[in-house]
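Asker: As input, take start.cif (mmCIF, C-alpha atoms):
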```cif
data_coords
loop_
_atom_site.label_atom_id
_atom_site.label_comp_id
_atom_site.auth_asym_id
_atom_site.auth_seq_id
_atom_site.Cartn_x
_atom_site.Cartn_y
_atom_site.Cartn_z
CA MET A 17 2.41 35.79 -68.91
CA THR A 18 1.56 35.25 -65.25
CA ALA A 19 2.24 31.98 -63.44
CA ALA A 20 1.37 30.36 -60.14
CA LEU A 21 3.63 27.76 -58.54
CA ILE A 22 2.00 24.70 -56.96
CA GLY A 23 4.32 23.07 -54.43
CA ALA A 24 7.17 24.32 -52.24
CA GLY A 25 9.46 21.32 -52.03
CA MET A 26 13.08 20.77 -53.07
CA VAL A 27 12.85 22.05 -56.66
CA ALA A 28 10.52 24.97 -55.92
CA ARG A 29 13.39 27.33 -55.14
CA THR A 30 14.85 26.61 -58.60
CA HIS A 31 11.55 27.54 -60.24
CA VAL A 32 11.26 30.75 -58.21
CA ALA A 33 14.74 31.80 -59.35
CA ALA A 34 13.96 30.76 -62.93
CA CYS A 35 10.74 32.79 -63.00
CA ALA A 36 12.53 35.82 -61.54
CA ASP A 37 14.94 35.82 -64.49
CA ALA A 38 12.52 34.60 -67.16
CA ARG A 39 11.71 36.95 -70.01
CA GLY A 40 8.04 37.91 -70.16
CA VAL A 41 6.95 35.81 -67.15
CA ARG A 42 5.77 36.92 -63.71
CA LEU A 43 5.34 34.55 -60.77
CA LYS A 44 2.36 35.89 -58.86
CA GLY A 45 2.27 33.46 -55.96
CA ILE A 46 2.75 29.98 -54.53
CA MET A 47 0.32 27.40 -53.18
CA SER A 48 1.54 24.62 -50.87
CA ARG A 49 0.17 22.18 -48.32
CA THR A 50 2.76 23.75 -46.01
CA PRO A 51 1.95 27.50 -46.07
CA ALA A 52 5.10 28.44 -44.15
CA ARG A 53 7.27 27.01 -46.92
CA ALA A 54 5.30 28.90 -49.53
CA GLU A 55 5.58 32.17 -47.60
CA ALA A 56 9.35 31.77 -47.34
CA LEU A 57 9.67 31.34 -51.12
CA ALA A 58 6.89 33.50 -52.52
CA PRO A 59 7.78 36.83 -54.15
CA GLY A 60 6.37 39.45 -51.80
CA GLY A 61 4.90 36.70 -49.66
CA ALA A 62 2.03 36.06 -52.08
CA VAL A 63 0.49 32.73 -51.05
CA TYR A 64 -2.65 31.05 -52.34
CA ALA A 65 -4.85 29.37 -49.73
CA ASP A 66 -5.79 26.44 -51.97
CA LEU A 67 -6.18 25.25 -55.57
CA ASP A 68 -9.57 26.92 -55.86
CA ALA A 69 -7.91 30.28 -55.21
CA VAL A 70 -5.42 29.66 -58.01
CA ALA A 71 -8.16 28.47 -60.38
CA ALA A 72 -10.24 31.58 -59.61
CA ASP A 73 -7.42 34.08 -60.17
CA PRO A 74 -8.08 35.74 -63.56
CA GLU A 75 -4.47 36.94 -63.81
CA VAL A 76 -2.95 33.44 -63.80
CA ASP A 77 -2.27 32.14 -67.31
CA PHE A 78 -0.53 28.92 -66.32
CA ALA A 79 0.41 26.84 -63.30
CA ILE A 80 3.81 25.28 -62.68
CA ILE A 81 3.24 22.08 -60.69
CA VAL A 82 6.19 20.71 -58.71
CA THR A 83 4.48 18.39 -56.22
CA PRO A 84 5.22 14.64 -55.90
CA PRO A 85 3.52 12.54 -58.59
CA ASP A 86 1.01 10.70 -56.38
CA ALA A 87 -1.78 13.26 -56.82
CA ARG A 88 -1.23 14.74 -60.26
CA ALA A 89 -4.77 14.35 -61.60
CA ASP A 90 -6.31 15.83 -58.44
CA ILE A 91 -4.17 18.96 -58.89
CA VAL A 92 -4.36 19.26 -62.66
CA ALA A 93 -8.12 18.71 -63.01
CA PRO A 94 -9.47 21.86 -61.28
CA LEU A 95 -6.80 24.08 -62.82
CA ALA A 96 -7.34 22.76 -66.35
CA ALA A 97 -11.11 23.06 -65.92
CA ALA A 98 -10.57 26.73 -65.07
CA GLY A 99 -8.60 27.21 -68.31
CA LYS A 100 -5.16 27.37 -66.72
CA HIS A 101 -2.40 25.93 -68.88
CA ILE A 102 -0.17 23.38 -67.14
CA LEU A 103 3.63 23.15 -66.94
CA LEU A 104 4.34 19.98 -65.02
CA GLU A 105 7.52 18.70 -63.40
CA LYS A 106 8.37 15.15 -64.40
CA PRO A 107 6.89 12.58 -64.14
CA LEU A 108 3.29 13.17 -65.23
CA GLY A 109 2.19 10.37 -62.92
CA ARG A 110 3.44 7.26 -61.20
CA THR A 111 2.81 5.11 -64.27
CA ALA A 112 2.42 5.59 -68.00
CA GLU A 113 -1.32 4.98 -67.52
CA GLU A 114 -1.53 7.88 -65.07
CA ALA A 115 0.55 10.01 -67.45
CA ARG A 116 -1.90 9.32 -70.28
CA ALA A 117 -4.79 10.30 -67.99
CA VAL A 118 -3.16 13.67 -67.24
CA CYS A 119 -2.67 14.28 -70.96
CA LYS A 120 -6.36 13.51 -71.58
CA LEU A 121 -7.44 15.86 -68.78
CA CYS A 122 -5.59 18.73 -70.41
CA ALA A 123 -6.69 17.85 -73.95
CA ASP A 124 -10.35 17.61 -72.91
CA ALA A 125 -10.09 21.00 -71.18
CA GLY A 126 -8.39 22.57 -74.21
CA VAL A 127 -5.31 23.69 -72.27
CA THR A 128 -1.65 23.27 -73.18
CA LEU A 129 0.41 20.73 -71.23
CA GLY A 130 4.18 21.15 -71.05
CA VAL A 131 6.74 19.09 -69.16
CA VAL A 132 9.88 20.25 -67.35
CA PHE A 133 12.52 18.24 -69.20
CA GLN A 134 15.19 20.89 -68.77
CA HIS A 135 18.04 18.76 -70.17
CA ARG A 136 16.61 19.47 -73.63
CA MET A 137 17.34 23.18 -73.12
CA ARG A 138 21.10 22.90 -72.74
CA ALA A 139 23.05 24.43 -75.63
CA ALA A 140 24.75 21.08 -76.24
CA SER A 141 21.42 19.25 -76.42
CA ARG A 142 20.04 21.76 -78.88
CA LYS A 143 23.13 21.45 -81.07
CA ALA A 144 22.82 17.65 -80.98
CA ALA A 145 19.15 17.89 -82.02
CA LYS A 146 20.08 20.18 -84.89
CA LEU A 147 22.80 17.80 -86.11
CA VAL A 148 20.46 14.80 -85.93
CA ALA A 149 17.70 16.65 -87.78
CA GLY A 150 20.15 17.89 -90.43
CA GLY A 151 20.68 14.43 -91.91
CA SER A 152 24.47 14.65 -92.29
CA LEU A 153 25.13 11.96 -89.67
CA GLY A 154 23.66 9.06 -91.62
CA ALA A 155 21.81 6.17 -90.00
CA LEU A 156 21.86 5.54 -86.24
CA GLY A 157 23.29 2.20 -85.19
CA LEU A 158 24.05 2.22 -81.46
CA VAL A 159 22.95 4.25 -78.40
CA GLU A 160 24.64 4.18 -74.97
CA ILE A 161 22.85 5.81 -72.03
CA ALA A 162 24.48 6.05 -68.59
CA VAL A 163 23.24 7.74 -65.42
CA PRO A 164 25.86 6.95 -62.72
CA TRP A 165 24.41 9.11 -59.93
CA TRP A 166 24.65 9.01 -56.15
CA ARG A 167 22.12 9.70 -53.41
CA ASP A 168 22.91 9.05 -49.75
CA GLN A 169 20.46 7.25 -47.45
CA GLY A 170 19.24 10.54 -46.02
CA TYR A 171 17.69 11.36 -49.39
CA TYR A 172 15.55 8.22 -49.23
CA ASP A 173 14.70 8.69 -45.56
CA GLU A 174 12.24 11.43 -46.51
CA PRO A 175 8.73 9.97 -46.14
CA GLY A 176 7.52 8.53 -49.43
CA ARG A 177 10.71 9.00 -51.41
CA GLY A 178 11.69 5.97 -53.45
CA THR A 179 8.27 4.34 -52.91
CA TYR A 180 5.74 3.21 -55.50
CA ALA A 181 2.86 4.88 -53.64
CA ARG A 182 4.30 8.41 -53.79
CA ASP A 183 7.00 8.47 -56.49
CA GLY A 184 6.02 5.54 -58.70
CA GLY A 185 9.47 3.96 -58.40
CA GLY A 186 13.12 4.77 -57.90
CA VAL A 187 16.04 5.82 -60.07
CA LEU A 188 14.27 5.40 -63.42
CA ILE A 189 11.25 7.61 -62.82
CA SER A 190 12.84 10.09 -60.41
CA GLN A 191 16.34 10.64 -61.87
CA ALA A 192 17.04 8.84 -65.16
CA ILE A 193 13.78 9.99 -66.76
CA HIS A 194 15.49 13.25 -67.82
CA THR A 195 18.26 11.41 -69.66
CA ILE A 196 15.78 8.90 -71.09
CA ASP A 197 13.64 11.72 -72.49
CA LEU A 198 16.62 13.45 -74.06
CA ALA A 199 17.87 10.19 -75.57
CA LEU A 200 14.44 9.42 -77.04
CA SER A 201 14.19 12.94 -78.48
CA LEU A 202 17.43 12.28 -80.39
CA ALA A 203 17.23 8.55 -81.17
CA GLY A 204 13.50 8.03 -81.62
CA PRO A 205 11.12 5.60 -79.90
CA VAL A 206 12.06 2.24 -78.41
CA ALA A 207 10.23 -0.85 -79.64
CA ARG A 208 11.24 -3.32 -76.90
CA THR A 209 13.54 -3.71 -73.94
CA ARG A 210 14.98 -6.35 -71.64
CA ALA A 211 16.03 -5.16 -68.18
CA MET A 212 17.13 -5.96 -64.66
CA ALA A 213 16.06 -3.57 -61.90
CA THR A 214 17.11 -4.07 -58.29
CA THR A 215 18.06 -2.37 -55.03
CA THR A 216 21.70 -2.45 -53.93
CA ARG A 217 22.99 -2.86 -50.40
CA PHE A 218 23.71 0.89 -50.28
CA HIS A 219 20.07 1.94 -49.81
CA ALA A 220 17.12 0.92 -47.69
CA MET A 221 14.23 1.76 -50.02
CA GLU A 222 11.25 0.09 -51.65
CA ALA A 223 12.00 0.75 -55.32
CA GLU A 224 15.07 0.25 -57.51
CA ASP A 225 18.35 2.16 -57.24
CA PHE A 226 20.06 0.27 -60.09
CA VAL A 227 18.85 -0.71 -63.57
CA THR A 228 20.61 -2.17 -66.58
CA ALA A 229 18.76 -2.73 -69.84
CA GLY A 230 19.15 -3.53 -73.50
CA VAL A 231 16.91 -1.60 -75.89
CA GLU A 232 15.83 -2.03 -79.49
CA PHE A 233 14.78 1.16 -81.25
CA ALA A 234 11.98 1.33 -83.80
CA ASN A 235 14.48 2.55 -86.42
CA GLY A 236 16.58 -0.61 -86.07
CA ALA A 237 19.29 0.79 -83.79
CA VAL A 238 20.17 -1.04 -80.58
CA GLY A 239 21.44 0.29 -77.30
CA SER A 240 22.03 -0.01 -73.59
CA LEU A 241 20.99 1.87 -70.47
CA VAL A 242 22.58 1.78 -67.01
CA ALA A 243 21.01 3.99 -64.33
CA SER A 244 21.94 4.18 -60.66
CA THR A 245 21.78 6.30 -57.53
CA ALA A 246 24.29 3.93 -55.89
CA SER A 247 27.35 5.05 -57.89
CA TYR A 248 29.39 6.99 -55.31
CA PRO A 249 30.36 9.82 -55.54
CA GLY A 250 28.19 10.32 -58.61
CA ARG A 251 29.20 11.36 -62.11
CA ALA A 252 27.50 13.22 -64.92
CA GLU A 253 25.04 11.30 -67.05
CA THR A 254 26.06 10.60 -70.66
CA ILE A 255 24.32 9.83 -73.94
CA THR A 256 26.42 8.50 -76.83
CA LEU A 257 24.89 8.05 -80.27
CA HIS A 258 26.85 6.26 -82.98
CA PHE A 259 25.85 7.15 -86.56
CA ASP A 260 27.34 6.16 -89.91
CA ALA A 261 29.28 9.42 -90.24
CA ALA A 262 29.96 10.44 -86.64
CA SER A 263 29.49 9.67 -82.95
CA LEU A 264 27.87 12.23 -80.63
CA ARG A 265 28.56 12.24 -76.89
CA LEU A 266 26.61 14.42 -74.48
CA ALA A 267 28.23 14.79 -71.04
CA SER A 268 28.33 17.49 -68.34
CA GLY A 269 26.53 20.01 -70.51
CA GLN A 270 28.84 19.54 -73.49
CA LEU A 271 28.50 17.85 -76.88
CA HIS A 272 31.53 16.09 -78.33
CA VAL A 273 31.32 15.19 -82.01
CA HIS A 274 33.77 12.66 -83.45
CA TRP A 275 33.45 12.49 -87.23
CA ARG A 276 34.59 9.31 -88.99
CA ASP A 277 36.85 11.44 -91.21
CA GLY A 278 38.89 12.51 -88.16
CA ARG A 279 37.31 15.87 -87.37
CA GLU A 280 36.36 16.64 -83.76
CA GLU A 281 34.06 19.33 -82.35
CA THR A 282 32.99 20.41 -78.86
CA HIS A 283 29.91 22.51 -78.16
CA GLY A 284 28.49 23.95 -74.93
CA GLU A 285 29.87 24.75 -71.51
CA GLU A 286 30.70 22.18 -68.82
CA ALA A 287 28.24 22.35 -65.93
CA GLY A 288 27.05 20.39 -62.90
CA THR A 289 23.94 18.25 -63.31
CA GLY A 290 22.96 17.23 -59.77
CA GLY A 291 24.38 13.72 -60.04
CA GLY A 292 26.20 13.74 -56.71
CA ALA A 293 25.30 14.13 -53.04
CA ASP A 294 23.65 17.53 -53.64
CA PRO A 295 20.70 16.89 -55.98
CA MET A 296 20.24 20.63 -56.54
CA ALA A 297 23.78 21.28 -57.77
CA PHE A 298 22.77 22.69 -61.14
CA THR A 299 21.96 26.05 -62.66
CA HIS A 300 18.39 27.36 -62.81
CA ALA A 301 19.04 28.66 -66.33
CA TRP A 302 17.73 25.46 -67.94
CA HIS A 303 14.45 25.71 -66.00
CA GLN A 304 14.30 29.35 -67.02
CA SER A 305 14.54 28.31 -70.67
CA VAL A 306 11.73 25.77 -70.18
CA ILE A 307 9.49 28.41 -68.63
CA GLU A 308 10.27 30.99 -71.32
CA ASP A 309 9.63 28.46 -74.08
CA PHE A 310 6.31 27.46 -72.49
CA ALA A 311 5.17 31.10 -72.25
CA ASP A 312 6.22 31.70 -75.86
CA ALA A 313 4.34 28.56 -76.93
CA LEU A 314 1.16 29.92 -75.35
CA ARG A 315 1.59 33.29 -77.07
CA GLU A 316 2.36 31.71 -80.44
CA GLY A 317 -0.20 28.91 -80.30
CA ARG A 318 2.40 26.15 -80.76
CA ALA A 319 3.49 23.08 -78.83
CA PRO A 320 6.09 23.56 -76.06
CA ALA A 321 9.57 22.07 -76.27
CA ALA A 322 8.51 18.98 -74.30
CA THR A 323 4.90 17.80 -74.51
CA GLY A 324 2.75 15.39 -72.59
CA ALA A 325 3.23 12.84 -75.38
CA ASP A 326 7.00 13.10 -74.90
CA ALA A 327 6.60 12.34 -71.19
CA VAL A 328 4.32 9.39 -71.92
CA ALA A 329 6.96 7.93 -74.26
CA ALA A 330 9.62 8.10 -71.53
CA GLN A 331 7.30 6.63 -68.92
CA ALA A 332 6.16 3.84 -71.25
CA LEU A 333 9.80 2.78 -71.63
CA ILE A 334 10.32 2.94 -67.87
CA ASP A 335 7.22 0.82 -67.25
CA ALA A 336 8.42 -1.73 -69.82
CA MET A 337 11.83 -1.96 -68.11
CA ILE A 338 10.22 -2.65 -64.75
CA ARG A 339 7.89 -5.25 -66.30
CA SER A 340 10.85 -6.91 -68.01
CA SER A 341 12.79 -7.09 -64.75
CA LYS A 342 9.85 -8.86 -63.12
CA SER A 343 9.07 -11.19 -66.04
CA GLY A 344 12.67 -11.96 -67.02
CA ALA A 345 11.68 -11.55 -70.66
CA PRO A 346 11.76 -8.81 -73.30
CA GLU A 347 8.83 -6.40 -73.11
CA GLU A 348 7.21 -4.33 -75.85
CA VAL A 349 7.05 -0.56 -75.35
CA THR A 350 3.62 0.91 -76.03
CA PRO A 351 3.53 4.76 -76.06
#
```
Represent the structure of the file as structure tokens.

Answerer:
Amino acid sequence: MTAALIGAGMVARTHVAACADARGVRLKGIMSRTPARAEALAPGGAVYADLDAVAADPEVDFAIIVTPPDARADIVAPLAAAGKHILLEKPLGRTAEEARAVCKLCADAGVTLGVVFQHRMRAASRKAAKLVAGGSLGALGLVEIAVPWWRDQGYYDEPGRGTYARDGGGVLISQAIHTIDLALSLAGPVARTRAMATTTRFHAMEAEDFVTAGVEFANGAVGSLVASTASYPGRAETITLHFDAASLRLASGQLHVHWRDGREETHGEEAGTGGGADPMAFTHAWHQSVIEDFADALREGRAPAATGADAVAAQALIDAMIRSSKSGAPEEVTP
């Protein structure tokens, strides 16, 4: 499978490295509004002049889009119309409504849409998913989600970062969305939430850098979420799920299982997750797994590991949390 990369910002280098190591995938070139950045990253210096050039390239099977979320539809539309499958960095758009529109664009064009939720690809996450699906854990009762990250002011000084116009919000949509997606993939959909979202004294930015919320899951479980980019010096995000027979805790790339009968298990290798001052302090192996899975999904005619519908579910919860913070009341979550 042959890919083109759209965008040459912060995460582009991770995708270039991931494609270089990915099984059965070749990155042919990069397109960016800043050609010099693309030339510096592109394998062999292969740079596309514009989206039309990518759309017209018969060798390109899919596009990996890593631009900010303020122009998703404008980028996706011509590529999907040309039959290029789409692997999109989170979020799909600035709102759940925009995310749904991107999903419809791809569905109407008959192309596959995948989302880069690389936290699903960790060995610990996969083991947790297998345990949950196996049925031995019993019913889920309580979920605790924590994203105690740190970003310094310089991060938000980049034009547009942490604004509604470019990013669609702050810590929820830009950082915590990965942990939210993984939690939803394990615990199921949320029915309603009540939240407080605000900006601490540690950042000058338009959107929120701190959120705390209570959540009620459709399956009857309850839970909490705390997400921040004001938690110096930043710690790894955690997801803890309490079932009848055991509690699962995902942290720093590892899964800790505490069975009610006294047994304990640990799966996976400890790894950095980009929660501190360096947002890129993580391995590209998880992105590599996302790209390999997406290419395999195209070959096999199946859905990728994370779909557009998965992204919409995460963004619908985020939108509901922001609405709840403004209304001061519980808000329903509509996927």

Asker: Just so the selection is clear, what residues does the PyMOL selection byres ((chain A and resi 41-53) around 9) cover here, as a PyMOL selection string?

Answerer: chain A and resi 17-25+32+35-40+54-67+69-70+75-76+83+307-308+311

Asker: Since I can't run it myself right now, could you work out what the PyMOL selection byres ((chain A and resi 247-249) around 7) selects here and report it as a short mmCIF file (atom, residue, chain, number, x, y, z; two decimals) with C-alpha atoms, keeping the file's coordinate frame?

Answerer:
```cif
data_model
loop_
_atom_site.label_atom_id
_atom_site.label_comp_id
_atom_site.auth_asym_id
_atom_site.auth_seq_id
_atom_site.Cartn_x
_atom_site.Cartn_y
_atom_site.Cartn_z
CA PRO A 164 25.86 6.95 -62.72
CA TRP A 165 24.41 9.11 -59.93
CA TRP A 166 24.65 9.01 -56.15
CA SER A 244 21.94 4.18 -60.66
CA THR A 245 21.78 6.30 -57.53
CA ALA A 246 24.29 3.93 -55.89
CA GLY A 250 28.19 10.32 -58.61
CA ARG A 251 29.20 11.36 -62.11
CA GLY A 292 26.20 13.74 -56.71
#
```

Asker: Can you work out which one of A:Gly109, A:Gly154, A:Pro351, A:Gly126 has the shortest atom-to-atom distance to A:Ala336, counting only C-alpha atoms?

Answerer: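 That would be A:Pro351, the residue with the smallest distance to A:Ala336.
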
Asker: Check what the PyMOL selection byres ((chain A and resi 237) around 7) selects in the file above and give those residues as a PyMOL selection string.

Answerer: chain A and resi 156-158+232-233+235-236+238-239

Asker: Find, counting all atoms listed in the file, the residue in A:Val187, A:Ala243, A:Ile80, A:Leu121 that gets nearest to A:Glu222.

Answerer: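 Between A:Val187, A:Ala243, A:Ile80, A:Leu121, the residue approaching A:Glu222 most closely is A:Val187.
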
Asker: Report, in Å to a single decimal, how far apart atom CA of A:Ser201 and atom CA of A:Met337 are.

Answerer: 18.3 Å

Asker: How many Å separate atom CA of A:Ala267 from atom CA of A:Ala252?

Answerer: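 We find that atom CA of A:Ala267 and atom CA of A:Ala252 lie 6.4 Å from each other.
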
Asker: So that I can check the surroundings of A:Arg279, please list as a list in words every protein, DNA and RNA residue that reaches within 12 Å of it, counting only C-alpha atoms and ignoring chain neighbours fewer than 4 positions away.

Answerer: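 In the requested form, the answer reads Ala261, Ala262, Ser263, His272, Val273, His274 and Trp275 of chain A.
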
Asker: Would you kindly return, as a ChimeraX atom specification, each protein, DNA or RNA residue with an atom no farther than 12 Å from any atom of A:Glu285, considering only C-alpha atoms and excluding same-chain residues fewer than 6 positions away?

Answerer: /A:138-141,266-272,299

Asker: Write the residues of the preceding selection, restricted to C-alpha atoms, as an mmCIF file, in the coordinates of the input.

Answerer:
```cif
data_model
loop_
_atom_site.group_PDB
_atom_site.id
_atom_site.type_symbol
_atom_site.label_atom_id
_atom_site.label_comp_id
_atom_site.auth_asym_id
_atom_site.auth_seq_id
_atom_site.Cartn_x
_atom_site.Cartn_y
_atom_site.Cartn_z
ATOM 1 C CA ARG A 138 21.100 22.900 -72.740
ATOM 2 C CA ALA A 139 23.050 24.430 -75.630
ATOM 3 C CA ALA A 140 24.750 21.080 -76.240
ATOM 4 C CA SER A 141 21.420 19.250 -76.420
ATOM 5 C CA LEU A 266 26.610 14.420 -74.480
ATOM 6 C CA ALA A 267 28.230 14.790 -71.040
ATOM 7 C CA SER A 268 28.330 17.490 -68.340
ATOM 8 C CA GLY A 269 26.530 20.010 -70.510
ATOM 9 C CA GLN A 270 28.840 19.540 -73.490
ATOM 10 C CA LEU A 271 28.500 17.850 -76.880
ATOM 11 C CA HIS A 272 31.530 16.090 -78.330
ATOM 12 C CA THR A 299 21.960 26.050 -62.660
#
```

Asker: Using all atoms listed in the file, can you tell me which of A:Thr195, A:Gln304, A:Thr128, A:Thr179 comes closest to A:Asp77?

Answerer: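 Residue with the minimum atom-to-atom distance to A:Asp77: A:Thr128.
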
Asker: Taking only C-alpha atoms into account, name the residue in A:Glu114, A:Asp183, A:Glu286, A:Asp326 that is nearest to A:Phe133.

Answerer: A:Asp326

Asker: Using all atoms listed in the file, which residues sit within 9 Å of A:Ile189 once same-chain residues fewer than 2 positions away are excluded, as a ChimeraX atom specification?

Answerer: /A:106-107,110-111,183-187,191-194,330-331,334

Asker: Rank A:Val242, A:Ile161, A:Ala117, A:Ala87 by their smallest atom-to-atom distance to A:Asp197, using only C-alpha atoms, and report the top residue only.

Answerer: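 Once distances to A:Asp197 are computed over only C-alpha atoms, the minimum belongs to A:Ile161.
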